[in-house]
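Chemist: Below you'll find the structure I mean.
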Amino acid sequence: MKRGMLDFWVGLFIAAGVVAILFLALRVSSQSALPARSTYNVTANFDNIGGLKVRAPVKSAGVVVGRVTNIELDTSRYVAKVTMALDNHYHFSRDSSAEILTSGLLGEQYIGITPGADDKMLTAGSTFKLTSSAIVLEQLISRFLFSKAEDSGDKTNAGNQ
Amino acid sequence: MTDRTGNFFVRFFSAIGEPFTNAFIKTGFAGRFLLSVLRHSPTALTRFRLTMREIWFAGVLSVLIIVVSGLFVGMVLALQGYDTLSRFGASSALGVLVALSLVRELGPVVGALLFASRAGSAITAEIGLMKATEQLSAMEMMAVNPIARVVVPKFWGGVISMPLLAAMFSAMGIIGGYLIGVQLLGLDSGIFWSQMQSSVDLRFDVMNGVIKSIAFGIAVSLIAVFEGYDAPPTAEGVSGATTRTVVISALVILGLDVILTAFMFRGI
Amino acid sequence: MTSPLVQLDRVRFGYSDRDILTDVSLTIARGQMVAIMGGSGSGKTTLLRLIGGQVRAQSGTVQVDGEDVGKLSESRMYAMRRKLGMLFQFGALFTDLSVYDNVAFPLRERTNLPETVVRDLVLMKLQAVGLRGASNLMPFELSGGMARRVALARAIALDPMLMMYDEPFTGLDPISLSTIGQLVRELNDALGAASIIVTHDVAESLALVDYVYFLSGGRVVGQGTPDEIRASTEPFIKQFINGERDGPLPFHKPAPDYALDLGLEQPHD
């Protein structure tokens, strides 16, 4: 193996490896919505977070504006305290509401922010006042069945009178 | 009779214990060897030409098997994945399935297994033969440290080659998946790529895959140079060491993969 | 008389299960050519490794040019080895380098000479062993005798003070054998170096060297000039020189009684 040829092939090999990594980086994957860009943390308390996970997206009008960074149980009030990092570019009024939504029927859960109308904005460390919890399918079904049963119960009662 | 049972137990437990003692001694020797390799590692940079030659042997010569295997693995993933996903009407997620499997797991792991059997065994055989034919001794007598001159460039050549090969494996696999999914099974090309791109995370999936392949590269290269250096200087010794390189590398790669995966993807 | 170049004093060396050398003392003066003879497995090669510092003695001292090899730090050891040249049994040429690069190896690794000087030196050394014409060949293209001559050129590349030869005559045809023998003698006189030849080739080495040590069972069992050796009446030396099958060095390894081992006789106690 001549020196020049060895240099050539090794150079080509390293170039091909770098191209492969770039292909994986640029064509196959995308930077998660919030890269190293600066963020600010806000929290929201939910009665029930359902299947929400850390790193789940935070969306407003369908656009990803942040990620869930931490979930813990607030033992003073027994609610779930969810911390999320929002992109510094996006600001929401203080009376915005946060709710836990599901993409599709069985898809992953995410936090949706519905903006409010207040002039003051949420800042780092503030908390969403208005939240609505995840819809838990079992509860939904049992509530539905319960109300059905109640309905029919009312009807029989009415017939007896 | 009692003497015989006592004897039996002694023999039984020393038979169990002996492999462990040997393993400990060997691990200790490997640790000291690693330190020595690291201490002489600056040679790999100051005389980069030596390392380049080893990148040629470990990397360039492994490209063919890596690229072809990657392509096949990607194609099989697409065929199998399509069959399952289409039952749930989720065939649009085929790109995601292929890409995530490759980038997170198969690229680094299968890439490293192939690398161990192609390049690792060759490194062991070469060092072992140099030892058996007294070339390492001759070097030592010429006041040239064989670890700095022979082992260190081979080690770094392997460490540099492995992540590049794993990335090539993943990239070829995804292209294989594309060929099957889009060209053969008729999925929409735009959906294939955009679904993939929106679900695969650069830092979380791709970077962790690269980190895995770097870890495997270090492990396989170290095992390969160590087994070569530690091989008994005979023909059987070298062939045994070559086999051990492949076997131990495979076990270490898979074990390390469990540990790394547990740390990296636990949050999901 | 100046201090001897190599001096071993009551050296003991062994691996965990067995001793290779039990008690060896010998002296080699500057300019002297010494042969170390002994049967296979008598620790001759180990002796060279001790002098080169590749293994360290468990007790006793090994001195080379006034330095105690057993006590040198790694860097001092490498400095000491610059004074040594060693020819290995089968040459130990680097199989991935050409003849030229093999001879240039010690020059490139250990000196900062410009490439033109390296080239001149390599060609000089190859000329000395008569293989300047082979400089572009690869080691696998060489015959055994040629490979050993190239290895010799490589060993003398840096003009060592002490040359060590590990079985230089093994497996050579008579012509190559006498070529190597003469080369060894010429080089020794030209370099003004001392030489140690480990060998069991009696005739060739007795004709070459100035002094002979006999090793057996890990100790020196006889020594003298070639003439003294030829005239020796010591049973071991006689057995070795004349190649007798049985003598102080028995043909049979100690074993239980033959008939008993075959089961032809019952053990009687």
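By order of appearance in the structure tokens: chains A, B, ..., then residues from 1 within every chain, and ligands from 1 in the order shown.
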Taking only C-alpha atoms into account, what are the residues of chain B at most 6 Å from chain C, put as a PyMOL selection string?
Modeler: chain B and resi 133-135+143
Chemist: Give the strand (DSSP E or B) residues of stretch 160-217 of chain C, as DSSP finds them on the backbone, and put them as a list in words.
Modeler: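 Filtering stretch 160-217 of chain C down to strand (DSSP E or B) leaves Leu162, Met163, Met164, Tyr165, Asp166, Ala194, Ser195, Ile196, Ile197, Val198, Thr199, Tyr211, Val212, Tyr213, Phe214, Leu215 and Ser216 of chain C.
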Chemist: Kindly give the distance, in Å, that separates atom CA of C:Ile51 and atom CA of C:Phe214, rounded to a single decimal.
Modeler: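 Calculated distance between atom CA of C:Ile51 and atom CA of C:Phe214 is 17.1 Å.
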Chemist: Would you give me, as a ChimeraX atom specification, the residues in stretch 26-165 of chain B that DSSP reads as alpha helix (DSSP H)?
Modeler: /B:26-39,42-46,48-58,63-87,94-100,107-115,121-132,135-141,146,152-165
Chemist: Enumerate as a PyMOL selection string the residues belonging to chain C that approach chain A to within 12 Å, with only C-alpha atoms taken into account.
Modeler: chain C and resi 96-98
Chemist: Which chain B residues are at most 8 Å from chain A (counting only C-alpha atoms), as number ranges by chain?
Modeler: B: 52-53, 55-56, 59-60, 99, 163-165, 167-168, 170-171, 193, 196-203, 206, 267-268
Chemist: Within 7 Å of stretch 211-213 of chain B, counting only C-alpha atoms, which residues qualify if same-chain residues fewer than 5 places away don't, as a list of chain:residue names?
Modeler: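 After dropping sequence-adjacent residues, the list is B:Pro108, B:Met162, B:Pro163, B:Ala166.
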Chemist: Write the residues you've just listed into a file as a tab-separated table (two decimals), in the first residue's frame, and include N, CA and C atoms for each of them.
Modeler:
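Final file, selection.tsv:
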chain	number	residue	atom	x	y	z
B	108	PRO	N	-25.38	0.71	16.59
B	108	PRO	CA	-24.23	0.51	17.48
B	108	PRO	C	-23.96	-0.95	17.81
B	162	MET	N	-14.84	2.87	15.01
B	162	MET	CA	-16.11	2.25	15.41
B	162	MET	C	-17.32	3.19	15.27
B	163	PRO	N	-17.30	4.43	15.81
B	163	PRO	CA	-18.49	5.27	15.68
B	163	PRO	C	-18.81	5.59	14.22
B	166	ALA	N	-20.51	2.53	12.81
B	166	ALA	CA	-21.88	2.37	13.33
B	166	ALA	C	-22.81	3.35	12.64
Chemist: Can you pull out every residue within 8 Å of stretch 49-51 of chain A, counting only C-alpha atoms, but drop anything in the same chain fewer than 4 positions away, and send it as number ranges by chain?
Modeler: A: 80, 100, 108-109, 133-136
Chemist: Between atom CA of B:Ala219 and atom CA of B:Arg32, what distance in Å does the model show, to one decimal?
Modeler: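 Value for the atom CA of B:Ala219-atom CA of B:Arg32 distance: 15.0 Å.
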Chemist: So how many Å separate atom CA of B:Phe204 and atom CA of A:Glu99, to one decimal?
Modeler: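 It comes out at 25.8 Å.
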